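Accompanying notes for the structure given below.
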Amino acid sequence: MTERRRAPMALHEVVSVQDSAAVSGSMGLLARARAGLDRLTPAQAWEERSREAVIVDVRTDAQRARTAEIPDALVIDLTVLPWRLDPTFAYRIPEARRWDTRYVLVCRHGYSSSLAAWNLRQMGLHRATDVIGGFEAWVADGLPVTTDPPDIRR
């Protein structure tokens, strides 16, 4: 007997929190992760900067090279993100001094940033979140971008 597999979900499909437990794969995981986040619109993320939130751009180098940068954002690769933001880790960034710092993650479309924010919350950074729609929504909403060199943290 062969197992019936569910057809892959399109990226634009929205899985409700109630349905997420029954959905396997990346979209189910994404829905479960987002259920625990207070996600922000791009405008809300920009506004939170005035309340000491740290915007962290997690887009790849190639993605950033094709577009622009978010002013005052820190650029941190996803492979080292948890260690750079951990206040107890020897190789953390200077801004990572407290567990209650508000980190707002931005990726290209708002998918990997949701998983990364959820992961940061699992390790104790309970105010981490991400931007709905990612950098693409940031630009579509007309928020500031720059061609100045980014603040890359390795």
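So you can find residues: chains in the structure tokens are A, B, ... in the order shown, residues in each start at 1, and ligands are numbered from 1 in order.
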
Using only C-alpha atoms, which residues sit within 8 Å of Asp57 in chain A once same-chain residues fewer than 4 positions away are excluded, as a ChimeraX atom specification? /A:70,73-76,105-107

Using N, CA and C atoms, can you export the residues from the last selection as a short mmCIF file (atom, residue, chain, number, x, y, z; two decimals), in the first residue's frame?
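Listed below is the output, out24.cif:
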data_model
loop_
_atom_site.label_atom_id
_atom_site.label_comp_id
_atom_site.auth_asym_id
_atom_site.auth_seq_id
_atom_site.Cartn_x
_atom_site.Cartn_y
_atom_site.Cartn_z
N ILE A 70 18.54 48.36 4.31
CA ILE A 70 17.65 49.04 5.25
C ILE A 70 18.53 49.93 6.12
N ALA A 73 20.10 49.03 9.81
CA ALA A 73 19.92 47.61 10.12
C ALA A 73 21.27 46.94 10.30
N LEU A 74 21.30 45.94 11.17
CA LEU A 74 22.47 45.08 11.27
C LEU A 74 22.27 43.95 10.28
N VAL A 75 23.31 43.54 9.60
CA VAL A 75 23.25 42.42 8.68
C VAL A 75 23.95 41.24 9.35
N ILE A 76 23.19 40.17 9.58
CA ILE A 76 23.75 38.98 10.22
C ILE A 76 23.28 37.76 9.45
N LEU A 105 13.49 40.87 12.64
CA LEU A 105 14.21 40.25 11.54
C LEU A 105 13.52 40.52 10.21
N VAL A 106 14.34 40.71 9.18
CA VAL A 106 13.83 40.95 7.84
C VAL A 106 14.57 40.02 6.87
N CYS A 107 13.82 39.22 6.14
CA CYS A 107 14.40 38.43 5.05
C CYS A 107 13.76 38.94 3.76
#

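Within 10 Å of range 45-55 of chain A there are Arg39, Leu40, Thr41, Ile70, Pro71, Asp72, Ala73, Leu74, Val75, Glu95, Ala96, Thr101, Arg102, Tyr103, Val104, Leu105, Val106, Arg127, Ala128, Thr129, Asp130, Val131, Ile132, Trp138, Leu143 and Pro144 of chain A, counting only C-alpha atoms and ignoring same-chain residues fewer than 4 positions away.
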
Calculated over only C-alpha atoms, which of the candidates A:Arg108, A:Arg34, A:Arg121, A:Arg84 has the smallest distance to Glu69 in chain A? A:Arg108

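Using only C-alpha atoms, the smallest distance between any of A:Phe135, A:Trp83, A:Tyr91, A:Trp99 and Ser113 in chain A comes from A:Phe135.
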
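Of the residues under consideration (A:Ile152, A:Ala117, A:Val56, A:Ala137), A:Ala117 shows the shortest atom-to-atom contact distance to Asp38 in chain A when counting only C-alpha atoms.
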
Please, which residues of chain A, numbered as in this document, come out helix (DSSP H, G or I) from DSSP, as a compact mmCIF listing (two decimals) with all heavy atoms, in the first residue's frame?
# COMPACT_ATOMS: atom_id res chain seq x y z
N VAL A 17 -3.67 28.89 12.20
CA VAL A 17 -3.07 28.29 13.38
C VAL A 17 -3.78 27.00 13.75
O VAL A 17 -3.16 26.02 14.11
CB VAL A 17 -3.10 29.29 14.56
CG1 VAL A 17 -2.58 28.64 15.83
CG2 VAL A 17 -2.29 30.52 14.22
N GLN A 18 -5.10 26.97 13.60
CA GLN A 18 -5.86 25.78 13.95
C GLN A 18 -5.49 24.61 13.05
O GLN A 18 -5.47 23.46 13.48
CB GLN A 18 -7.37 26.03 13.84
CG GLN A 18 -7.91 27.03 14.83
CD GLN A 18 -7.67 28.48 14.40
OE1 GLN A 18 -7.35 28.77 13.26
NE2 GLN A 18 -7.81 29.39 15.34
N ASP A 19 -5.22 24.87 11.77
CA ASP A 19 -4.89 23.81 10.83
C ASP A 19 -3.42 23.43 10.84
O ASP A 19 -3.04 22.41 10.29
CB ASP A 19 -5.26 24.24 9.40
CG ASP A 19 -6.75 24.44 9.23
OD1 ASP A 19 -7.52 23.85 10.01
OD2 ASP A 19 -7.13 25.18 8.32
N SER A 20 -2.56 24.24 11.44
CA SER A 20 -1.13 24.05 11.31
C SER A 20 -0.64 22.74 11.91
O SER A 20 0.32 22.16 11.42
CB SER A 20 -0.36 25.22 11.92
OG SER A 20 -0.55 25.25 13.33
N GLY A 25 5.41 19.45 6.75
CA GLY A 25 6.31 20.19 5.88
C GLY A 25 6.58 21.60 6.33
O GLY A 25 6.24 22.01 7.44
N SER A 26 7.19 22.33 5.42
CA SER A 26 7.65 23.67 5.75
C SER A 26 6.52 24.63 6.09
O SER A 26 6.65 25.48 6.97
CB SER A 26 8.50 24.23 4.62
OG SER A 26 7.76 24.28 3.42
N MET A 27 5.38 24.53 5.39
CA MET A 27 4.29 25.46 5.64
C MET A 27 3.62 25.20 6.99
O MET A 27 3.19 26.14 7.67
CB MET A 27 3.27 25.43 4.51
CG MET A 27 3.83 25.95 3.17
SD MET A 27 4.63 27.58 3.28
CE MET A 27 3.23 28.64 3.53
N GLY A 28 3.53 23.94 7.40
CA GLY A 28 3.01 23.64 8.73
C GLY A 28 3.94 24.17 9.81
O GLY A 28 3.49 24.77 10.80
N LEU A 29 5.24 23.95 9.62
CA LEU A 29 6.21 24.47 10.57
C LEU A 29 6.14 25.99 10.63
O LEU A 29 6.15 26.59 11.71
CB LEU A 29 7.62 24.03 10.16
CG LEU A 29 8.76 24.57 11.02
CD1 LEU A 29 8.64 24.09 12.46
CD2 LEU A 29 10.10 24.15 10.43
N LEU A 30 6.04 26.63 9.48
CA LEU A 30 5.95 28.08 9.42
C LEU A 30 4.72 28.59 10.17
O LEU A 30 4.80 29.54 10.95
CB LEU A 30 5.90 28.53 7.97
CG LEU A 30 5.87 30.03 7.72
CD1 LEU A 30 7.14 30.70 8.22
CD2 LEU A 30 5.67 30.31 6.24
N ALA A 31 3.58 27.96 9.97
CA ALA A 31 2.35 28.38 10.65
C ALA A 31 2.48 28.23 12.16
O ALA A 31 2.05 29.10 12.92
CB ALA A 31 1.16 27.59 10.13
N ARG A 32 3.08 27.12 12.60
CA ARG A 32 3.26 26.92 14.04
C ARG A 32 4.22 27.96 14.62
O ARG A 32 4.01 28.47 15.71
CB ARG A 32 3.72 25.50 14.32
CG ARG A 32 2.62 24.47 14.05
CD ARG A 32 3.00 23.06 14.47
NE ARG A 32 4.13 22.50 13.75
CZ ARG A 32 4.05 21.92 12.55
NH1 ARG A 32 2.89 21.83 11.92
NH2 ARG A 32 5.14 21.42 11.98
N ALA A 33 5.28 28.28 13.88
CA ALA A 33 6.24 29.28 14.35
C ALA A 33 5.57 30.66 14.44
O ALA A 33 5.72 31.37 15.44
CB ALA A 33 7.45 29.34 13.43
N ARG A 34 4.83 31.02 13.42
CA ARG A 34 4.19 32.33 13.39
C ARG A 34 3.12 32.49 14.46
O ARG A 34 2.82 33.60 14.89
CB ARG A 34 3.59 32.59 12.01
CG ARG A 34 4.66 32.92 10.98
CD ARG A 34 4.07 33.13 9.64
NE ARG A 34 5.07 33.61 8.69
CZ ARG A 34 4.86 33.72 7.39
NH1 ARG A 34 3.68 33.39 6.87
NH2 ARG A 34 5.82 34.14 6.61
N ALA A 35 2.54 31.39 14.90
CA ALA A 35 1.50 31.45 15.93
C ALA A 35 2.05 32.05 17.22
O ALA A 35 1.30 32.64 17.99
CB ALA A 35 0.93 30.06 16.19
N PRO A 42 5.85 46.33 7.78
CA PRO A 42 7.07 47.11 7.61
C PRO A 42 7.01 48.47 8.32
O PRO A 42 7.98 48.89 8.96
CB PRO A 42 7.16 47.27 6.09
CG PRO A 42 6.49 46.04 5.56
CD PRO A 42 5.35 45.80 6.49
N ALA A 43 5.87 49.15 8.24
CA ALA A 43 5.75 50.46 8.90
C ALA A 43 5.89 50.34 10.42
O ALA A 43 6.52 51.18 11.07
CB ALA A 43 4.42 51.11 8.54
N GLN A 44 5.30 49.30 10.99
CA GLN A 44 5.44 49.09 12.44
C GLN A 44 6.89 48.81 12.81
O GLN A 44 7.38 49.29 13.84
CB GLN A 44 4.56 47.91 12.89
CG GLN A 44 3.08 48.21 12.85
CD GLN A 44 2.24 46.96 13.06
OE1 GLN A 44 2.61 45.86 12.62
NE2 GLN A 44 1.11 47.12 13.72
N ALA A 45 7.58 48.04 11.98
CA ALA A 45 8.99 47.73 12.24
C ALA A 45 9.82 49.01 12.21
O ALA A 45 10.67 49.24 13.08
CB ALA A 45 9.51 46.73 11.22
N TRP A 46 9.58 49.86 11.22
CA TRP A 46 10.30 51.12 11.11
C TRP A 46 10.04 51.99 12.34
O TRP A 46 10.94 52.61 12.89
CB TRP A 46 9.90 51.83 9.81
CG TRP A 46 10.65 53.10 9.57
CD1 TRP A 46 10.14 54.36 9.59
CD2 TRP A 46 12.03 53.24 9.25
NE1 TRP A 46 11.13 55.28 9.30
CE2 TRP A 46 12.30 54.62 9.08
CE3 TRP A 46 13.07 52.33 9.08
CZ2 TRP A 46 13.57 55.10 8.77
CZ3 TRP A 46 14.34 52.82 8.76
CH2 TRP A 46 14.56 54.18 8.61
N GLU A 47 8.80 52.03 12.79
CA GLU A 47 8.42 52.81 13.97
C GLU A 47 9.10 52.26 15.24
O GLU A 47 9.50 53.03 16.11
CB GLU A 47 6.90 52.81 14.13
CG GLU A 47 6.39 53.48 15.39
CD GLU A 47 6.75 54.95 15.50
OE1 GLU A 47 6.90 55.62 14.46
OE2 GLU A 47 6.90 55.43 16.64
N GLU A 48 9.22 50.95 15.35
CA GLU A 48 9.81 50.36 16.56
C GLU A 48 11.28 50.72 16.74
O GLU A 48 11.82 50.59 17.82
CB GLU A 48 9.61 48.85 16.57
CG GLU A 48 8.18 48.49 16.91
CD GLU A 48 8.05 47.25 17.74
OE1 GLU A 48 9.04 46.74 18.30
OE2 GLU A 48 6.91 46.76 17.84
N ARG A 49 11.93 51.15 15.67
CA ARG A 49 13.32 51.60 15.79
C ARG A 49 13.43 52.73 16.80
O ARG A 49 14.42 52.83 17.53
CB ARG A 49 13.85 52.10 14.44
CG ARG A 49 14.06 51.04 13.43
CD ARG A 49 14.43 51.61 12.06
NE ARG A 49 15.57 52.50 12.10
CZ ARG A 49 15.51 53.83 11.96
NH1 ARG A 49 14.36 54.43 11.76
NH2 ARG A 49 16.60 54.55 12.00
N SER A 50 12.40 53.59 16.86
CA SER A 50 12.42 54.72 17.80
C SER A 50 12.26 54.25 19.25
O SER A 50 12.50 55.03 20.17
CB SER A 50 11.34 55.74 17.45
OG SER A 50 10.06 55.17 17.62
N ARG A 51 11.85 53.01 19.42
CA ARG A 51 11.72 52.43 20.76
C ARG A 51 12.83 51.41 21.03
O ARG A 51 12.63 50.46 21.77
CB ARG A 51 10.34 51.80 20.93
CG ARG A 51 9.23 52.83 20.93
CD ARG A 51 7.88 52.23 21.29
NE ARG A 51 7.32 51.37 20.28
CZ ARG A 51 6.66 51.77 19.20
NH1 ARG A 51 6.48 53.05 18.99
NH2 ARG A 51 6.16 50.90 18.35
N ASP A 61 23.77 37.61 0.94
CA ASP A 61 24.59 38.62 0.28
C ASP A 61 24.10 38.86 -1.15
O ASP A 61 24.02 40.00 -1.60
CB ASP A 61 26.06 38.19 0.24
CG ASP A 61 26.71 38.18 1.62
OD1 ASP A 61 26.19 38.85 2.54
OD2 ASP A 61 27.75 37.51 1.77
N ALA A 62 23.78 37.78 -1.85
CA ALA A 62 23.32 37.91 -3.24
C ALA A 62 22.00 38.67 -3.32
O ALA A 62 21.83 39.51 -4.22
CB ALA A 62 23.16 36.52 -3.87
N GLN A 63 21.07 38.42 -2.40
CA GLN A 63 19.81 39.15 -2.41
C GLN A 63 20.03 40.63 -2.14
O GLN A 63 19.45 41.49 -2.81
CB GLN A 63 18.85 38.56 -1.36
CG GLN A 63 18.33 37.20 -1.73
CD GLN A 63 17.63 36.52 -0.56
OE1 GLN A 63 17.72 36.95 0.59
NE2 GLN A 63 16.93 35.44 -0.86
N ARG A 64 20.88 40.93 -1.18
CA ARG A 64 21.14 42.33 -0.85
C ARG A 64 21.88 43.04 -1.97
O ARG A 64 21.65 44.22 -2.23
CB ARG A 64 21.90 42.44 0.48
CG ARG A 64 21.04 42.07 1.68
CD ARG A 64 21.70 42.32 3.04
NE ARG A 64 23.00 42.91 2.98
CZ ARG A 64 24.17 42.22 2.92
NH1 ARG A 64 24.16 40.91 2.93
NH2 ARG A 64 25.31 42.86 2.86
N ALA A 65 22.76 42.33 -2.68
CA ALA A 65 23.52 42.94 -3.77
C ALA A 65 22.62 43.38 -4.92
O ALA A 65 22.95 44.33 -5.64
CB ALA A 65 24.57 41.95 -4.28
N LEU A 81 23.31 33.68 13.39
CA LEU A 81 22.38 34.58 14.09
C LEU A 81 22.17 34.24 15.57
O LEU A 81 22.32 35.13 16.42
CB LEU A 81 21.03 34.60 13.34
CG LEU A 81 19.98 35.55 13.90
CD1 LEU A 81 20.41 37.00 13.73
CD2 LEU A 81 18.64 35.31 13.21
N PRO A 82 21.83 33.01 15.95
CA PRO A 82 21.58 32.74 17.37
C PRO A 82 22.79 33.05 18.26
O PRO A 82 22.64 33.57 19.36
CB PRO A 82 21.24 31.25 17.42
CG PRO A 82 20.83 30.91 16.03
CD PRO A 82 21.60 31.82 15.13
N TRP A 83 23.97 32.78 17.77
CA TRP A 83 25.17 32.99 18.57
C TRP A 83 25.52 34.47 18.69
O TRP A 83 25.97 34.92 19.73
CB TRP A 83 26.35 32.21 17.96
CG TRP A 83 26.10 30.75 18.12
CD1 TRP A 83 26.44 29.99 19.20
CD2 TRP A 83 25.41 29.89 17.23
NE1 TRP A 83 25.99 28.70 19.02
CE2 TRP A 83 25.36 28.61 17.81
CE3 TRP A 83 24.82 30.07 15.97
CZ2 TRP A 83 24.76 27.53 17.19
CZ3 TRP A 83 24.23 28.99 15.37
CH2 TRP A 83 24.19 27.74 15.98
N ARG A 84 25.27 35.24 17.64
CA ARG A 84 25.59 36.67 17.70
C ARG A 84 24.62 37.44 18.59
O ARG A 84 24.98 38.48 19.13
CB ARG A 84 25.58 37.29 16.29
CG ARG A 84 26.62 36.70 15.35
CD ARG A 84 28.04 36.85 15.88
NE ARG A 84 28.97 36.18 15.01
CZ ARG A 84 29.52 34.99 15.27
NH1 ARG A 84 29.24 34.36 16.39
NH2 ARG A 84 30.36 34.44 14.43
N LEU A 85 23.41 36.92 18.77
CA LEU A 85 22.41 37.63 19.58
C LEU A 85 22.29 37.09 21.00
O LEU A 85 21.56 37.66 21.81
CB LEU A 85 21.06 37.60 18.88
CG LEU A 85 21.01 38.25 17.49
CD1 LEU A 85 19.58 38.25 16.96
CD2 LEU A 85 21.61 39.63 17.47
N SER A 112 11.82 32.83 6.01
CA SER A 112 12.94 32.40 6.85
C SER A 112 13.08 33.28 8.08
O SER A 112 13.50 32.81 9.14
CB SER A 112 14.25 32.33 6.06
OG SER A 112 14.57 33.58 5.50
N SER A 113 12.68 34.54 7.99
CA SER A 113 12.75 35.41 9.16
C SER A 113 11.77 34.96 10.24
O SER A 113 12.06 35.09 11.44
CB SER A 113 12.49 36.87 8.77
OG SER A 113 11.23 37.01 8.16
N SER A 114 10.62 34.43 9.86
CA SER A 114 9.67 33.92 10.85
C SER A 114 10.26 32.75 11.61
O SER A 114 10.17 32.68 12.85
CB SER A 114 8.36 33.48 10.19
OG SER A 114 7.64 34.57 9.68
N LEU A 115 10.85 31.81 10.88
CA LEU A 115 11.47 30.65 11.54
C LEU A 115 12.63 31.07 12.43
O LEU A 115 12.81 30.55 13.53
CB LEU A 115 11.91 29.62 10.51
CG LEU A 115 10.80 28.94 9.73
CD1 LEU A 115 11.38 27.95 8.73
CD2 LEU A 115 9.81 28.24 10.65
N ALA A 116 13.43 32.03 11.95
CA ALA A 116 14.57 32.50 12.73
C ALA A 116 14.10 33.22 14.00
O ALA A 116 14.68 33.03 15.08
CB ALA A 116 15.44 33.42 11.89
N ALA A 117 13.05 34.04 13.90
CA ALA A 117 12.53 34.73 15.09
C ALA A 117 11.98 33.73 16.10
O ALA A 117 12.20 33.87 17.31
CB ALA A 117 11.45 35.74 14.68
N TRP A 118 11.28 32.72 15.61
CA TRP A 118 10.77 31.67 16.50
C TRP A 118 11.93 30.97 17.20
O TRP A 118 11.89 30.72 18.41
CB TRP A 118 9.94 30.68 15.70
CG TRP A 118 9.48 29.51 16.51
CD1 TRP A 118 8.38 29.46 17.32
CD2 TRP A 118 10.11 28.24 16.62
NE1 TRP A 118 8.29 28.22 17.92
CE2 TRP A 118 9.35 27.46 17.50
CE3 TRP A 118 11.26 27.69 16.05
CZ2 TRP A 118 9.69 26.16 17.83
CZ3 TRP A 118 11.59 26.39 16.37
CH2 TRP A 118 10.81 25.64 17.25
N ASN A 119 12.98 30.69 16.46
CA ASN A 119 14.16 30.03 17.03
C ASN A 119 14.80 30.90 18.12
O ASN A 119 15.18 30.40 19.18
CB ASN A 119 15.17 29.75 15.90
CG ASN A 119 16.24 28.80 16.32
OD1 ASN A 119 16.00 27.83 17.01
ND2 ASN A 119 17.45 29.08 15.87
N LEU A 120 14.89 32.20 17.87
CA LEU A 120 15.44 33.09 18.88
C LEU A 120 14.58 33.11 20.14
O LEU A 120 15.09 33.15 21.26
CB LEU A 120 15.57 34.52 18.32
CG LEU A 120 16.58 34.71 17.21
CD1 LEU A 120 16.51 36.14 16.67
CD2 LEU A 120 18.00 34.36 17.66
N ARG A 121 13.27 33.05 19.96
CA ARG A 121 12.37 32.99 21.12
C ARG A 121 12.59 31.69 21.91
O ARG A 121 12.53 31.70 23.13
CB ARG A 121 10.91 33.14 20.70
CG ARG A 121 10.57 34.57 20.35
CD ARG A 121 9.10 34.75 20.12
NE ARG A 121 8.82 36.16 19.85
CZ ARG A 121 7.78 36.80 20.33
NH1 ARG A 121 6.89 36.18 21.09
NH2 ARG A 121 7.60 38.08 20.04
N GLN A 122 12.84 30.60 21.22
CA GLN A 122 13.06 29.32 21.89
C GLN A 122 14.30 29.39 22.78
O GLN A 122 14.37 28.70 23.80
CB GLN A 122 13.21 28.18 20.89
CG GLN A 122 12.01 27.95 20.00
CD GLN A 122 10.71 27.85 20.79
OE1 GLN A 122 10.57 26.96 21.61
NE2 GLN A 122 9.79 28.76 20.55
N GLY A 134 8.53 40.67 4.50
CA GLY A 134 9.96 40.87 4.35
C GLY A 134 10.35 42.15 3.63
O GLY A 134 9.61 43.13 3.59
N PHE A 135 11.55 42.11 3.06
CA PHE A 135 12.10 43.28 2.38
C PHE A 135 11.25 43.70 1.18
O PHE A 135 11.11 44.89 0.90
CB PHE A 135 13.54 43.01 1.94
CG PHE A 135 14.21 44.20 1.33
CD1 PHE A 135 14.67 45.24 2.12
CD2 PHE A 135 14.37 44.30 -0.04
CE1 PHE A 135 15.28 46.36 1.57
CE2 PHE A 135 14.98 45.41 -0.62
CZ PHE A 135 15.44 46.44 0.19
N GLU A 136 10.67 42.71 0.50
CA GLU A 136 9.82 43.05 -0.65
C GLU A 136 8.65 43.93 -0.22
O GLU A 136 8.30 44.89 -0.90
CB GLU A 136 9.32 41.78 -1.34
CG GLU A 136 10.42 40.91 -1.92
CD GLU A 136 11.09 41.52 -3.14
OE1 GLU A 136 10.42 42.23 -3.89
OE2 GLU A 136 12.29 41.26 -3.33
N ALA A 137 8.04 43.63 0.92
CA ALA A 137 6.94 44.46 1.43
C ALA A 137 7.46 45.81 1.91
O ALA A 137 6.78 46.83 1.77
CB ALA A 137 6.22 43.73 2.57
N TRP A 138 8.66 45.81 2.49
CA TRP A 138 9.30 47.06 2.95
C TRP A 138 9.39 48.05 1.78
O TRP A 138 8.99 49.19 1.89
CB TRP A 138 10.69 46.72 3.48
CG TRP A 138 11.44 47.83 4.12
CD1 TRP A 138 12.13 48.83 3.47
CD2 TRP A 138 11.60 48.07 5.51
NE1 TRP A 138 12.71 49.67 4.39
CE2 TRP A 138 12.41 49.22 5.64
CE3 TRP A 138 11.15 47.42 6.65
CZ2 TRP A 138 12.78 49.73 6.89
CZ3 TRP A 138 11.52 47.93 7.89
CH2 TRP A 138 12.31 49.07 7.99
N VAL A 139 9.91 47.56 0.66
CA VAL A 139 10.07 48.41 -0.53
C VAL A 139 8.70 48.80 -1.08
O VAL A 139 8.47 49.97 -1.42
CB VAL A 139 10.92 47.69 -1.59
CG1 VAL A 139 10.90 48.44 -2.92
CG2 VAL A 139 12.34 47.51 -1.09
N ALA A 140 7.78 47.84 -1.16
CA ALA A 140 6.44 48.12 -1.70
C ALA A 140 5.72 49.18 -0.87
O ALA A 140 4.92 49.96 -1.41
CB ALA A 140 5.61 46.83 -1.75

Go through chain A and collect every residue that DSSP, computed from the backbone, puts in strand (DSSP E or B); the answer should be as a list in words. Leu40, Val54, Ile55, Val56, Asp57, Glu69, Leu74, Val75, Ile76, Tyr103, Val104, Leu105, Val106, Thr129, Asp130, Val131, Thr146, Asp151, Ile152 and Arg153 of chain A

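Atom pair CA of Gly124 in chain A / CA of Ser24 in chain A: separated by 25.9 Å.
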